[in-house]
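Student: Structure provided below as structure tokens; questions to follow.
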Protein chains: 2
Amino acid sequence: LTVFGETIADGYFSRFEGELLTSERSPFQKIDVYEHPYFGRVLTLDDLVQTTTRDEFSYHEMLVHPALAARDRVERVLIIGGGDGGTLRHVLMHGVQEVVMCEIDDAVVRLCRELLPQLSDGAFDDPRAKVVIGDGAAFVGEHTDAFDTIIVDGSDPVGPAVVLFSEDFFTACRRALRDDGVFISQTGSPLFQTDEFKMAYGNLTASFGRADPYVSFVPTYPGAIWSYMSATAGTPLPDATEDEIAARLRARGIDGRLYSPAVHRAAFALPPFVQDLCETAAPAAVPRG
Amino acid sequence: LTVFGETIADGYFSRFEGELLTSERSPFQKIDVYEHPYFGRVLTLDDLVQTTTRDEFSYHEMLVHPALAARDRVERVLIIGGGDGGTLRHVLMHGVQEVVMCEIDDAVVRLCRELLPQLSDGAFDDPRAKVVIGDGAAFVGEHTDAFDTIIVDGSDPVGPAVVLFSEDFFTACRRALRDDGVFISQTGSPLFQTDEFKMAYGNLTASFGRADPYVSFVPTYPGAIWSYMSATAGTPLPDATEDEIAARLRARGIDGRLYSPAVHRAAFALPPFVQDLCETAAPAAVPRG
């Protein structure tokens, strides 16, 4: 068995032990897949746990459903990153016409299709899904008024993914979105990555005029509380009523395990210590990758 | 430095490294206090992390404030367990007349007053606070119609604390509470302790006719999502409005870092997978300690 995991804070380490199934170095990162006795298949990128077959629902439901259940009609969706296919699978539940997934690292897609097939569960073969291998920021810059939803399913705001938290990128996303379009990104731990959280909030607010963070649980992510941020030039996500959301979930046949109409509303009730981060945030240049 | 922590699931360990300041064996348990580079002072009982000076607010606010902020007048409160004094400190914020704390292990109280004084922060010297060293279940059984709130701040529903999750104990608490009185207990992880969660819910519902679980974050507790259960013969806690709660917090001068009127409401929005546990729960005998 191999030990892996993450140093969450000085003297605090989430320690996993599992069987290493494969390890590969792509031009972008180290990709490992483990078989774990509790979490099932586990994907790590540069040794950070990205997702597991057992708890992926918690991350993917909260990344995808709040944005898509907040709108009556979602036709075209862009996913940036998301190579494991879990986000794609959840987006397709919402009866969309087309989903473009722009992932920089085709090795992630290949390994996940092979070793974590439950995550995509056929989504890559759906005729509505289109995979583009390339740079997400560049891809967004080529589009105007093209998508109803943009979902950034990337790594944490450190290293190569940091450009996906810059004001320039957010502004390009706003341009690539249709009028009532919704932008969503995971934005890390508001407890252990406070600087990154504030940078994301400051830059997103600067680009969209407003940002609505929300919080939820991801069992295998460090520190209990995980954050996401939504932004839109249309109706903000927290304004969607429970009844509207319930009706859409019913019409689309979606049964969440973590997400529900009540949880949608609850997720936007930020703890005061997270609100404090928002109130002291300002636009900021992203650190060099 | 000493390694400590908890096996959360097979192959999954939360690994802390800190300086062991003291280790003592009381008649009830092993008590250790560490100095940790991130979490500050850490208390473990039988090697399980109970609280830290850095993140104690998340557990104590969510254990105490929902119950006490849900009522206009709270005169007498009983705490069972809570030897570190953090729950006592938070209860005293609510302008109560008397708080009785019944803790079985005086060594916990002594060591916490000495080595984690921030947790009680003078609460033990408050003239409204009365500490009884003894068995909490027996103490409750001696009272009828005596308390407005009973808070169980005990260990997990395994080992010696398991009696605090039995139907008999819950029924004794109901008898010891006044008409509109509120019972609260922490009830473990709904992800990794599903049997214990269901036992607690089944027994509490059997005793009170209804139970209202809620969930929140405790960074140093395993698995991201932590559960608490409330029960009352009066107005259920989730029915308290945000305005009522806001007015009470203002009047009592309470500023939460995790708790707020919006978070009160949000905490009762159970994820569907937790609701499923409730729906399949039934009264159950507690396993032998």
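Lettering and numbering for the structure tokens are positional, with chains as A, B, ... in the shown order, residues counted from 1 in each chain, and ligands counted from 1 in the shown order.
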Distance limit 6 Å, atoms considered: only C-alpha atoms. Which chain B residues sit that close to chain A? Return them as a PDB file with all heavy atoms, in the first residue's frame.

Tutor:
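As a result, iface33.pdb now contains:
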```
ATOM      1  N   ASP B  10     -11.349   3.102   7.078  1.00  0.00           N
ATOM      2  CA  ASP B  10     -10.265   2.214   6.676  1.00  0.00           C
ATOM      3  C   ASP B  10      -9.362   2.945   5.665  1.00  0.00           C
ATOM      4  O   ASP B  10      -9.829   3.408   4.627  1.00  0.00           O
ATOM      5  CB  ASP B  10     -10.907   0.972   6.030  1.00  0.00           C
ATOM      6  CG  ASP B  10      -9.930  -0.178   5.958  1.00  0.00           C
ATOM      7  OD1 ASP B  10      -8.896  -0.138   6.649  1.00  0.00           O
ATOM      8  OD2 ASP B  10     -10.209  -1.121   5.187  1.00  0.00           O
ATOM      9  N   GLY B  11      -8.072   3.079   6.001  1.00  0.00           N
ATOM     10  CA  GLY B  11      -7.144   3.719   5.064  1.00  0.00           C
ATOM     11  C   GLY B  11      -7.223   5.232   5.037  1.00  0.00           C
ATOM     12  O   GLY B  11      -6.735   5.868   4.093  1.00  0.00           O
ATOM     13  N   TYR B  12      -7.832   5.848   6.041  1.00  0.00           N
ATOM     14  CA  TYR B  12      -7.994   7.308   6.052  1.00  0.00           C
ATOM     15  C   TYR B  12      -7.776   7.794   7.475  1.00  0.00           C
ATOM     16  O   TYR B  12      -8.517   7.425   8.395  1.00  0.00           O
ATOM     17  CB  TYR B  12      -9.381   7.668   5.551  1.00  0.00           C
ATOM     18  CG  TYR B  12      -9.658   9.140   5.361  1.00  0.00           C
ATOM     19  CD1 TYR B  12      -8.681  10.004   4.870  1.00  0.00           C
ATOM     20  CD2 TYR B  12     -10.919   9.676   5.650  1.00  0.00           C
ATOM     21  CE1 TYR B  12      -8.952  11.357   4.685  1.00  0.00           C
ATOM     22  CE2 TYR B  12     -11.196  11.013   5.459  1.00  0.00           C
ATOM     23  CZ  TYR B  12     -10.220  11.852   4.985  1.00  0.00           C
ATOM     24  OH  TYR B  12     -10.488  13.180   4.808  1.00  0.00           O
ATOM     25  N   PHE B  13      -6.763   8.608   7.668  1.00  0.00           N
ATOM     26  CA  PHE B  13      -6.304   8.993   9.000  1.00  0.00           C
ATOM     27  C   PHE B  13      -6.055  10.495   9.016  1.00  0.00           C
ATOM     28  O   PHE B  13      -5.398  11.034   8.131  1.00  0.00           O
ATOM     29  CB  PHE B  13      -4.996   8.225   9.294  1.00  0.00           C
ATOM     30  CG  PHE B  13      -4.407   8.465  10.657  1.00  0.00           C
ATOM     31  CD1 PHE B  13      -4.921   7.842  11.786  1.00  0.00           C
ATOM     32  CD2 PHE B  13      -3.305   9.306  10.809  1.00  0.00           C
ATOM     33  CE1 PHE B  13      -4.362   8.053  13.043  1.00  0.00           C
ATOM     34  CE2 PHE B  13      -2.737   9.519  12.063  1.00  0.00           C
ATOM     35  CZ  PHE B  13      -3.275   8.894  13.179  1.00  0.00           C
ATOM     36  N   SER B  14      -6.599  11.185  10.006  1.00  0.00           N
ATOM     37  CA  SER B  14      -6.285  12.612  10.136  1.00  0.00           C
ATOM     38  C   SER B  14      -5.083  12.728  11.071  1.00  0.00           C
ATOM     39  O   SER B  14      -5.165  12.432  12.258  1.00  0.00           O
ATOM     40  CB  SER B  14      -7.488  13.390  10.661  1.00  0.00           C
ATOM     41  OG  SER B  14      -7.755  13.068  11.992  1.00  0.00           O
ATOM     42  N   ARG B  15      -3.985  13.141  10.518  1.00  0.00           N
ATOM     43  CA  ARG B  15      -2.701  13.031  11.204  1.00  0.00           C
ATOM     44  C   ARG B  15      -2.237  14.399  11.697  1.00  0.00           C
ATOM     45  O   ARG B  15      -1.945  15.312  10.923  1.00  0.00           O
ATOM     46  CB  ARG B  15      -1.682  12.466  10.219  1.00  0.00           C
ATOM     47  CG  ARG B  15      -0.310  12.167  10.809  1.00  0.00           C
ATOM     48  CD  ARG B  15       0.616  11.699   9.691  1.00  0.00           C
ATOM     49  NE  ARG B  15       1.887  11.225  10.195  1.00  0.00           N
ATOM     50  CZ  ARG B  15       2.884  12.013  10.569  1.00  0.00           C
ATOM     51  NH1 ARG B  15       2.753  13.329  10.535  1.00  0.00           N
ATOM     52  NH2 ARG B  15       4.025  11.489  11.005  1.00  0.00           N
ATOM     53  N   PHE B  16      -2.197  14.532  13.024  1.00  0.00           N
ATOM     54  CA  PHE B  16      -1.707  15.751  13.657  1.00  0.00           C
ATOM     55  C   PHE B  16      -0.306  15.504  14.206  1.00  0.00           C
ATOM     56  O   PHE B  16       0.007  14.393  14.638  1.00  0.00           O
ATOM     57  CB  PHE B  16      -2.603  16.154  14.825  1.00  0.00           C
ATOM     58  CG  PHE B  16      -4.008  16.517  14.443  1.00  0.00           C
ATOM     59  CD1 PHE B  16      -4.956  15.527  14.219  1.00  0.00           C
ATOM     60  CD2 PHE B  16      -4.385  17.852  14.328  1.00  0.00           C
ATOM     61  CE1 PHE B  16      -6.262  15.860  13.882  1.00  0.00           C
ATOM     62  CE2 PHE B  16      -5.685  18.191  13.996  1.00  0.00           C
ATOM     63  CZ  PHE B  16      -6.627  17.189  13.769  1.00  0.00           C
ATOM     64  N   GLU B  17       0.496  16.548  14.221  1.00  0.00           N
ATOM     65  CA  GLU B  17       1.825  16.442  14.812  1.00  0.00           C
ATOM     66  C   GLU B  17       1.993  17.633  15.744  1.00  0.00           C
ATOM     67  O   GLU B  17       1.849  18.790  15.315  1.00  0.00           O
ATOM     68  CB  GLU B  17       2.873  16.491  13.700  1.00  0.00           C
ATOM     69  CG  GLU B  17       4.075  15.626  13.960  1.00  0.00           C
ATOM     70  CD  GLU B  17       4.965  15.567  12.724  1.00  0.00           C
ATOM     71  OE1 GLU B  17       5.754  16.501  12.513  1.00  0.00           O
ATOM     72  OE2 GLU B  17       4.837  14.593  11.967  1.00  0.00           O
ATOM     73  N   TYR B  38      -0.527  24.774  14.200  1.00  0.00           N
ATOM     74  CA  TYR B  38      -1.631  25.512  13.561  1.00  0.00           C
ATOM     75  C   TYR B  38      -2.837  25.662  14.487  1.00  0.00           C
ATOM     76  O   TYR B  38      -3.387  26.759  14.625  1.00  0.00           O
ATOM     77  CB  TYR B  38      -2.066  24.809  12.263  1.00  0.00           C
ATOM     78  CG  TYR B  38      -3.179  25.550  11.539  1.00  0.00           C
ATOM     79  CD1 TYR B  38      -2.893  26.610  10.691  1.00  0.00           C
ATOM     80  CD2 TYR B  38      -4.515  25.218  11.739  1.00  0.00           C
ATOM     81  CE1 TYR B  38      -3.903  27.316  10.052  1.00  0.00           C
ATOM     82  CE2 TYR B  38      -5.538  25.908  11.109  1.00  0.00           C
ATOM     83  CZ  TYR B  38      -5.223  26.956  10.267  1.00  0.00           C
ATOM     84  OH  TYR B  38      -6.227  27.654   9.645  1.00  0.00           O
ATOM     85  N   PHE B 217     -20.015  22.488  10.154  1.00  0.00           N
ATOM     86  CA  PHE B 217     -18.608  22.180   9.926  1.00  0.00           C
ATOM     87  C   PHE B 217     -17.828  22.196  11.237  1.00  0.00           C
ATOM     88  O   PHE B 217     -17.978  23.125  12.017  1.00  0.00           O
ATOM     89  CB  PHE B 217     -17.962  23.265   9.070  1.00  0.00           C
ATOM     90  CG  PHE B 217     -18.744  23.658   7.863  1.00  0.00           C
ATOM     91  CD1 PHE B 217     -19.646  24.713   7.900  1.00  0.00           C
ATOM     92  CD2 PHE B 217     -18.570  22.967   6.679  1.00  0.00           C
ATOM     93  CE1 PHE B 217     -20.359  25.081   6.773  1.00  0.00           C
ATOM     94  CE2 PHE B 217     -19.282  23.326   5.545  1.00  0.00           C
ATOM     95  CZ  PHE B 217     -20.179  24.392   5.599  1.00  0.00           C
ATOM     96  N   PRO B 219     -13.747  21.882  11.579  1.00  0.00           N
ATOM     97  CA  PRO B 219     -12.537  21.585  10.796  1.00  0.00           C
ATOM     98  C   PRO B 219     -11.731  20.398  11.303  1.00  0.00           C
ATOM     99  O   PRO B 219     -11.215  19.620  10.509  1.00  0.00           O
ATOM    100  CB  PRO B 219     -11.740  22.887  10.893  1.00  0.00           C
ATOM    101  CG  PRO B 219     -12.777  23.936  11.050  1.00  0.00           C
ATOM    102  CD  PRO B 219     -13.871  23.312  11.874  1.00  0.00           C
ATOM    103  N   GLY B 223     -14.361  14.104   8.401  1.00  0.00           N
ATOM    104  CA  GLY B 223     -15.350  13.903   7.361  1.00  0.00           C
ATOM    105  C   GLY B 223     -16.206  15.101   7.017  1.00  0.00           C
ATOM    106  O   GLY B 223     -17.279  14.973   6.455  1.00  0.00           O
ATOM    107  N   ALA B 224     -15.766  16.298   7.360  1.00  0.00           N
ATOM    108  CA  ALA B 224     -16.352  17.532   6.863  1.00  0.00           C
ATOM    109  C   ALA B 224     -17.701  17.886   7.491  1.00  0.00           C
ATOM    110  O   ALA B 224     -17.894  18.986   7.977  1.00  0.00           O
ATOM    111  CB  ALA B 224     -16.500  17.502   5.345  1.00  0.00           C
ATOM    112  N   ARG B 257     -18.923  33.663  14.851  1.00  0.00           N
ATOM    113  CA  ARG B 257     -17.997  33.566  13.725  1.00  0.00           C
ATOM    114  C   ARG B 257     -18.507  32.537  12.722  1.00  0.00           C
ATOM    115  O   ARG B 257     -18.289  32.669  11.529  1.00  0.00           O
ATOM    116  CB  ARG B 257     -16.602  33.163  14.209  1.00  0.00           C
ATOM    117  CG  ARG B 257     -15.932  34.294  14.980  1.00  0.00           C
ATOM    118  CD  ARG B 257     -14.656  33.838  15.681  1.00  0.00           C
ATOM    119  NE  ARG B 257     -13.636  33.461  14.738  1.00  0.00           N
ATOM    120  CZ  ARG B 257     -12.512  32.813  15.072  1.00  0.00           C
ATOM    121  NH1 ARG B 257     -12.293  32.480  16.336  1.00  0.00           N
ATOM    122  NH2 ARG B 257     -11.623  32.504  14.162  1.00  0.00           N
ATOM    123  N   LEU B 258     -19.182  31.500  13.226  1.00  0.00           N
ATOM    124  CA  LEU B 258     -19.795  30.519  12.328  1.00  0.00           C
ATOM    125  C   LEU B 258     -21.319  30.658  12.357  1.00  0.00           C
ATOM    126  O   LEU B 258     -21.989  30.488  11.345  1.00  0.00           O
ATOM    127  CB  LEU B 258     -19.393  29.100  12.741  1.00  0.00           C
ATOM    128  CG  LEU B 258     -19.942  27.937  11.916  1.00  0.00           C
ATOM    129  CD1 LEU B 258     -19.733  28.157  10.427  1.00  0.00           C
ATOM    130  CD2 LEU B 258     -19.280  26.636  12.316  1.00  0.00           C
ATOM    131  N   ALA B 262     -28.991  33.567   9.636  1.00  0.00           N
ATOM    132  CA  ALA B 262     -29.145  32.842   8.367  1.00  0.00           C
ATOM    133  C   ALA B 262     -28.557  31.435   8.470  1.00  0.00           C
ATOM    134  O   ALA B 262     -29.103  30.475   7.911  1.00  0.00           O
ATOM    135  CB  ALA B 262     -28.475  33.611   7.230  1.00  0.00           C
ATOM    136  N   VAL B 263     -27.452  31.309   9.198  1.00  0.00           N
ATOM    137  CA  VAL B 263     -26.831  29.990   9.354  1.00  0.00           C
ATOM    138  C   VAL B 263     -27.713  29.073  10.219  1.00  0.00           C
ATOM    139  O   VAL B 263     -27.773  27.870  10.000  1.00  0.00           O
ATOM    140  CB  VAL B 263     -25.404  30.126   9.928  1.00  0.00           C
ATOM    141  CG1 VAL B 263     -24.857  28.782  10.398  1.00  0.00           C
ATOM    142  CG2 VAL B 263     -24.476  30.749   8.874  1.00  0.00           C
ATOM    143  N   ALA B 266     -30.146  27.718   7.840  1.00  0.00           N
ATOM    144  CA  ALA B 266     -29.457  26.886   6.849  1.00  0.00           C
ATOM    145  C   ALA B 266     -29.053  25.530   7.427  1.00  0.00           C
ATOM    146  O   ALA B 266     -29.081  24.516   6.733  1.00  0.00           O
ATOM    147  CB  ALA B 266     -28.221  27.625   6.321  1.00  0.00           C
ATOM    148  N   ALA B 269     -31.354  22.644   6.966  1.00  0.00           N
ATOM    149  CA  ALA B 269     -31.600  22.153   5.602  1.00  0.00           C
ATOM    150  C   ALA B 269     -30.730  20.925   5.387  1.00  0.00           C
ATOM    151  O   ALA B 269     -29.605  21.013   4.912  1.00  0.00           O
ATOM    152  CB  ALA B 269     -31.261  23.240   4.577  1.00  0.00           C
ATOM    153  N   PRO B 271     -28.993  17.691   3.944  1.00  0.00           N
ATOM    154  CA  PRO B 271     -28.759  17.036   2.654  1.00  0.00           C
ATOM    155  C   PRO B 271     -29.622  15.782   2.544  1.00  0.00           C
ATOM    156  O   PRO B 271     -29.864  15.103   3.556  1.00  0.00           O
ATOM    157  CB  PRO B 271     -27.281  16.655   2.716  1.00  0.00           C
ATOM    158  CG  PRO B 271     -26.671  17.571   3.726  1.00  0.00           C
ATOM    159  CD  PRO B 271     -27.763  17.846   4.730  1.00  0.00           C
ATOM    160  N   PRO B 272     -30.094  15.465   1.349  1.00  0.00           N
ATOM    161  CA  PRO B 272     -30.935  14.282   1.183  1.00  0.00           C
ATOM    162  C   PRO B 272     -30.330  13.006   1.764  1.00  0.00           C
ATOM    163  O   PRO B 272     -31.060  12.191   2.328  1.00  0.00           O
ATOM    164  CB  PRO B 272     -31.102  14.187  -0.345  1.00  0.00           C
ATOM    165  CG  PRO B 272     -30.982  15.611  -0.813  1.00  0.00           C
ATOM    166  CD  PRO B 272     -30.011  16.272   0.110  1.00  0.00           C
ATOM    167  N   PHE B 273     -29.010  12.846   1.688  1.00  0.00           N
ATOM    168  CA  PHE B 273     -28.448  11.596   2.231  1.00  0.00           C
ATOM    169  C   PHE B 273     -28.580  11.546   3.751  1.00  0.00           C
ATOM    170  O   PHE B 273     -28.654  10.454   4.330  1.00  0.00           O
ATOM    171  CB  PHE B 273     -26.997  11.371   1.759  1.00  0.00           C
ATOM    172  CG  PHE B 273     -25.922  12.048   2.571  1.00  0.00           C
ATOM    173  CD1 PHE B 273     -25.376  11.434   3.687  1.00  0.00           C
ATOM    174  CD2 PHE B 273     -25.460  13.305   2.207  1.00  0.00           C
ATOM    175  CE1 PHE B 273     -24.369  12.066   4.426  1.00  0.00           C
ATOM    176  CE2 PHE B 273     -24.465  13.939   2.935  1.00  0.00           C
ATOM    177  CZ  PHE B 273     -23.918  13.316   4.052  1.00  0.00           C
TER     178      PHE B 273
END
```

Student: Using only C-alpha atoms, determine which residues lie at most 10 Å from Arg178 (chain A), disregarding the query and same-chain residues fewer than 5 positions distant; provide the list as a PyMOL selection string.

Tutor: chain A and resi 76+144-149+173+232-234

Student: For the residues selected in the previous step, produce a file with C-alpha atoms as a PDB file, in the first residue's frame.

Tutor:
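result_14.pdb, freshly written:
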```
ATOM      1  CA  ARG A  76     -25.024  25.635 -24.111  1.00  0.00           C
ATOM      2  CA  THR A 144     -18.695  36.071 -27.216  1.00  0.00           C
ATOM      3  CA  ASP A 145     -22.281  35.650 -26.099  1.00  0.00           C
ATOM      4  CA  ALA A 146     -21.942  31.918 -26.610  1.00  0.00           C
ATOM      5  CA  PHE A 147     -22.774  30.072 -23.378  1.00  0.00           C
ATOM      6  CA  ASP A 148     -25.526  29.987 -20.769  1.00  0.00           C
ATOM      7  CA  THR A 149     -23.214  28.606 -18.110  1.00  0.00           C
ATOM      8  CA  CYS A 173     -16.006  34.687 -19.158  1.00  0.00           C
ATOM      9  CA  THR A 232     -24.002  36.563 -13.236  1.00  0.00           C
ATOM     10  CA  ALA A 233     -25.204  39.709 -14.925  1.00  0.00           C
ATOM     11  CA  GLY A 234     -28.748  38.328 -14.566  1.00  0.00           C
TER      12      GLY A 234
END
```

Student: Which of these, A:Thr51, A:Asn203, A:Gln97, A:Ser166, has the shortest distance to Leu119 (chain A) once you count only C-alpha atoms?

Tutor: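 Under the stated criterion, the closest residue is A:Thr51.
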
Student: Please list as a list of chain:residue names every residue within 6 Å of Val99 (chain A), counting only C-alpha atoms and excluding residues in the same chain fewer than 6 positions away.

Tutor: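 That gives A:Arg76, A:Val77, A:Leu78, A:Ala129.
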
Student: Pull all heavy atoms from the residues just selected and write them as a compact mmCIF listing (two decimals), in the first residue's frame.

Tutor:
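Final output, again10.txt:
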```txt
# COMPACT_ATOMS: atom_id res chain seq x y z
N ARG A 76 -26.45 25.92 -23.84
CA ARG A 76 -25.02 25.63 -24.11
C ARG A 76 -24.20 25.88 -22.85
O ARG A 76 -24.24 26.95 -22.26
CB ARG A 76 -24.48 26.52 -25.23
CG ARG A 76 -25.05 26.19 -26.59
CD ARG A 76 -24.23 26.87 -27.69
NE ARG A 76 -23.02 26.13 -28.02
CZ ARG A 76 -21.86 26.69 -28.34
NH1 ARG A 76 -21.73 28.00 -28.34
NH2 ARG A 76 -20.80 25.94 -28.64
N VAL A 77 -23.42 24.90 -22.49
CA VAL A 77 -22.60 24.98 -21.28
C VAL A 77 -21.14 24.77 -21.65
O VAL A 77 -20.82 23.92 -22.50
CB VAL A 77 -23.04 23.92 -20.26
CG1 VAL A 77 -22.13 23.95 -19.02
CG2 VAL A 77 -24.50 24.12 -19.86
N LEU A 78 -20.27 25.55 -21.02
CA LEU A 78 -18.83 25.35 -21.17
C LEU A 78 -18.26 24.92 -19.83
O LEU A 78 -18.49 25.57 -18.80
CB LEU A 78 -18.15 26.66 -21.62
CG LEU A 78 -16.61 26.65 -21.61
CD1 LEU A 78 -16.04 25.61 -22.58
CD2 LEU A 78 -16.06 28.04 -21.94
N ALA A 129 -22.10 16.04 -25.93
CA ALA A 129 -20.83 16.41 -25.29
C ALA A 129 -19.72 16.55 -26.32
O ALA A 129 -19.58 15.71 -27.21
CB ALA A 129 -20.44 15.35 -24.27
```

Student: So which residues touch Ala284 (chain B) within 12 Å, counting only C-alpha atoms, skipping near sequence neighbours fewer than 3 positions away, as a count of residues only?

Tutor: 21

Student: Identify, with DSSP run on backbone atoms, the residues in region 108-200 of chain A assigned to alpha helix (DSSP H), and express the list as a count of residues only.

Tutor: 35

Student: Can you check which residues of region 183-246 of chain B DSSP gives as strand (DSSP E or B) on the backbone and send them as a PyMOL selection string?

Tutor: chain B and resi 183-186+212-217+225-232
